[in-house]
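Colleague: First the structure, which I've put down as structure tokens, then a few questions once you've had a look.
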Amino acid sequence: MSTKQKTLGSEIVFSGRGLHTGAATKMVVRPAEENRGIWFRRVDLPEPVEIAALGENVVDTSRSTVLGKDDVRISTVEHILAALWTMGVDNAVVDVDGPEIPIMNGSASEYAAAIEKAGLVEQDAARKYYEVCEKISFNLPDKGVEIELYPDDHFSASIHIDFGSRVLVNQWATFDPQKDNFTTDIAPCRTFVFLHELTPLLEAGLIKGGDMDNAIVVVENSVSDEELAKLRKIFNKPTVEVREGYLSNVEMFFPNEPARHKLLDVLGDFALLGVRIKGKLLATKPGHQANTEMVKGLRKVMRKEGIKPCHRYNPAAEAIYDVNDIKKRLPHRPPFLLVDKITHIDEDGITGIKGVTVNEPFFVGHFPDEPVMPGVLIVEAMAQCGGILALHGMDPEYNYSTYFLKIDGVRFKQKVVPGDTLQFELNLLEPIRRGLVHMEAKAFVGDRLVCEADLLAQVTRGDKRAGTPAAIKKN
């Protein structure tokens, strides 16, 4: 996985009709400077209007993903976004002279081919990643939609679709960029529509640019000669027939082509996060509404908390502070010293580890027949990590005391039992001022969040030390 941003080696040009408007459209995709991201620009207006390809700018998802600003709209952005983002383009400006991206052949194959031909240019700036540190879910129970993100060291996606159709049966599709090729495995997969949806869509003034060359039409029921005649007129075809559940005996590129196209849409919609994802995405019955709503939620979290790295416990990694170093920083002593080592610390956050064994003294009474670590001690262990973070960077010539003023929003998610390894992750919610340290604290066992809390501490400086041991000098 590249760590540097990239843009196109040269501009690429496309011409075609919009799927829903039917309007002839020209689109020019241009290279852009680092940290620009992907932007769409309506150039047919008296004054060009730019719209960032970000979740908060999605204004409609009824039949495609539509970006908007004030009364300006750009529709059906998902296929070009999927091609750009998945093929490694971080920065580009997409000029379009109409309200809709050209549908081309209903897939992203022409986009992918043009990007390959133009090539990519590596830029100096580092890529930004949203690291999934714990399971994240989005559900629409009434529609059977479920989308989940799990921690992983790179992005991959797996989807399942089920329309309750006798023709389009349950299908699955996966994409892992370390194993699969977007250009050959996903990009060629065309959009699809059920025949019974065509009339309502046409009556709604949509799919004016749709035909049997850029969409797979699924037919579930028998079709009369009268209906076939109507379809010939709609699609301006001399013959239209139904074979094996599809209009005009469409040859499928893959047995699960519809599922792969849904995966194509997912890749395009999640590009609206604006940063790349390190995590595994699993989706059941995804759609533009669900995809973009989850992206909007993630964007809100990013704006509030920033993009924070995960520091998953690696037993083989060397500790920054071992238990002896911790004892030099905290006044706690066994059996009340509840942090074994620190594996990460910087100006903004800290990660600590506690190995929970059956020999812990509190298991004698909590509980003899079902040992469970008391929740209050999990909070205390997080607080001890917070104390180390609060003192990090303080003048080592002085003694300091750390007192917790407030512990809010404590939630216990899972039991902690003998054999578990607790990982504490604390991050500053705001810069330290006047000795006040405000932190978000989470405790994990593996990828499972077991406890979270909001901590506020006060650091006070005491007397100057007689000497400054080397072990506690400022790092």
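Starting from 1 in every chain, residues are counted up; chains themselves are A, B, ... following the order of the structure tokens, and ligands are numbered from 1 as listed.
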Determine, using only C-alpha atoms, which residues of stretch 16-78 of chain A have any atom at most 12 Å from an atom of stretch 176-196 of chain A, and tabulate each with its shortest atom pair and distance in Å to one decimal place, rows ordered by chain and then rising number, as a Markdown table.

Modeller:
```
| residue | atom | partner | partner_atom | distance |
| --- | --- | --- | --- | --- |
| A:Leu19 | CA | A:Thr191 | CA | 10.4 |
| A:Arg63 | CA | A:Val193 | CA | 10.5 |
| A:Ser64 | CA | A:Thr191 | CA | 10.7 |
| A:Thr76 | CA | A:Thr191 | CA | 11.5 |
| A:Glu78 | CA | A:Thr191 | CA | 11.4 |
```

Colleague: I want to know what sits within 9 Å of stretch 282-295 of chain A, based on only C-alpha atoms, with residues of the same chain fewer than 6 positions away left out; could you give that as an MDAnalysis selection string?

Modeller: chainID A and resid 54:56 58 60:65 78 137:140 143:150 156:163 262:263 265:266 269:273

Colleague: Could you pull out the helix (DSSP H, G or I) residues of stretch 252-417 of chain A, going by DSSP on the backbone, and write them as a PyMOL selection string?

Modeller: chain A and resi 257-273+288-305+323-329+361-364+375-391

Colleague: With a distance cut-off of 12 Å and only C-alpha atoms, select the neighbouring residues of A:Thr460, excluding the residue or stretch itself and same-chain residues fewer than 4 positions from it, and output the selection as a list in words.

Modeller: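 Close residues of A:Thr460: Gly387, Ala390, Leu391, Met394, Asp395, Tyr398, Asn399, Tyr400, Ser401, Thr402, Tyr403, Phe404, Arg433, Arg434, Gly435, Leu436 and Val437 of chain A.
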
Colleague: Tell me which protein, DNA and RNA residues are within 9 Å of stretch 220-236 of chain A, counting only C-alpha atoms, leaving out same-chain ones fewer than 2 positions away, and put them as number ranges by chain.

Modeller: A: 165-168, 194-196, 210-212, 218, 238-242, 245-246

Colleague: Please run DSSP on the backbone and report, as a ChimeraX atom specification, all residues within stretch 313-347 of chain A that come out as strand (DSSP E or B).

Modeller: /A:321,341-345

Colleague: Any idea what's packed within 7 Å of stretch 36-47 of chain A, counting only C-alpha atoms, ignoring anything in its chain fewer than 5 positions away? Could you give it as a PDB file with N, CA and C atoms, in the first residue's frame?

Modeller:
```pdb
ATOM      1  N   ALA A  52     -16.696  19.508  -3.531  1.00  0.00           N
ATOM      2  CA  ALA A  52     -15.762  18.488  -3.059  1.00  0.00           C
ATOM      3  C   ALA A  52     -16.449  17.129  -2.998  1.00  0.00           C
ATOM      4  N   ALA A  53     -15.726  16.095  -3.372  1.00  0.00           N
ATOM      5  CA  ALA A  53     -16.249  14.725  -3.312  1.00  0.00           C
ATOM      6  C   ALA A  53     -16.136  14.223  -1.875  1.00  0.00           C
ATOM      7  N   ASP A  90      -5.442  10.202  -5.672  1.00  0.00           N
ATOM      8  CA  ASP A  90      -5.848  10.942  -4.466  1.00  0.00           C
ATOM      9  C   ASP A  90      -6.313  12.352  -4.794  1.00  0.00           C
ATOM     10  N   ASN A  91      -5.765  12.943  -5.853  1.00  0.00           N
ATOM     11  CA  ASN A  91      -6.027  14.342  -6.175  1.00  0.00           C
ATOM     12  C   ASN A  91      -6.400  14.480  -7.653  1.00  0.00           C
ATOM     13  N   ALA A  92      -7.565  15.051  -7.915  1.00  0.00           N
ATOM     14  CA  ALA A  92      -8.012  15.261  -9.296  1.00  0.00           C
ATOM     15  C   ALA A  92      -9.165  16.253  -9.287  1.00  0.00           C
ATOM     16  N   VAL A  93      -9.328  16.963 -10.402  1.00  0.00           N
ATOM     17  CA  VAL A  93     -10.470  17.852 -10.609  1.00  0.00           C
ATOM     18  C   VAL A  93     -11.240  17.322 -11.814  1.00  0.00           C
ATOM     19  N   VAL A  94     -12.539  17.092 -11.611  1.00  0.00           N
ATOM     20  CA  VAL A  94     -13.390  16.523 -12.654  1.00  0.00           C
ATOM     21  C   VAL A  94     -14.297  17.622 -13.200  1.00  0.00           C
ATOM     22  N   ASP A  95     -13.988  18.099 -14.407  1.00  0.00           N
ATOM     23  CA  ASP A  95     -14.812  19.116 -15.060  1.00  0.00           C
ATOM     24  C   ASP A  95     -15.918  18.430 -15.854  1.00  0.00           C
ATOM     25  N   VAL A  96     -17.157  18.860 -15.657  1.00  0.00           N
ATOM     26  CA  VAL A  96     -18.285  18.281 -16.381  1.00  0.00           C
ATOM     27  C   VAL A  96     -19.187  19.410 -16.854  1.00  0.00           C
ATOM     28  N   ASP A  97     -19.650  19.325 -18.122  1.00  0.00           N
ATOM     29  CA  ASP A  97     -20.438  20.423 -18.688  1.00  0.00           C
ATOM     30  C   ASP A  97     -21.933  20.165 -18.641  1.00  0.00           C
ATOM     31  N   GLY A  98     -22.359  19.427 -17.640  1.00  0.00           N
ATOM     32  CA  GLY A  98     -23.776  19.155 -17.453  1.00  0.00           C
ATOM     33  C   GLY A  98     -24.047  18.650 -16.057  1.00  0.00           C
ATOM     34  N   GLY A 274     -12.992  10.735   1.801  1.00  0.00           N
ATOM     35  CA  GLY A 274     -11.929  11.712   1.593  1.00  0.00           C
ATOM     36  C   GLY A 274     -10.555  11.269   2.043  1.00  0.00           C
TER      37      GLY A 274
END
```

Colleague: Just to confirm, what's the straight-line distance from atom CA of A:Ser75 to atom CA of A:Pro48 in Å (one decimal)?

Modeller: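 Interatomic distance here is 16.1 Å.
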
Colleague: Could you list, as a list in words, every residue within 9 Å of A:Ile378, counting only C-alpha atoms and ignoring same-chain residues fewer than 6 positions away?

Modeller: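 Listed by chain and then number, they are Leu338, Val416, Leu422, Ala443 and Cys451 of chain A.
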
Colleague: Please, could you write that set of residues out with C-alpha atoms as an mmCIF file, in the first residue's frame?

Modeller:
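New file result.cif:
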```
data_model
loop_
_atom_site.group_PDB
_atom_site.id
_atom_site.type_symbol
_atom_site.label_atom_id
_atom_site.label_comp_id
_atom_site.auth_asym_id
_atom_site.auth_seq_id
_atom_site.Cartn_x
_atom_site.Cartn_y
_atom_site.Cartn_z
ATOM 1 C CA LEU A 338 -2.552 -1.816 37.018
ATOM 2 C CA VAL A 416 -12.718 -8.963 31.254
ATOM 3 C CA LEU A 422 -6.189 -5.255 28.127
ATOM 4 C CA ALA A 443 -10.009 -0.261 26.801
ATOM 5 C CA CYS A 451 -14.842 -0.049 28.324
#
```

Colleague: Which of these residues is nearest to A:Ile432, using only C-alpha atoms: A:Leu330, A:Leu264, A:Val450, A:Leu389?

Modeller: A:Leu389

Colleague: A:Leu377: which residues within 9 Å, counting only C-alpha atoms, same-chain residues fewer than 4 positions away excluded, as a list of chain:residue names?

Modeller: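 Here the qualifying residues turn out to be A:Phe336, A:Leu338, A:Met373, A:Ala381, A:Met382.
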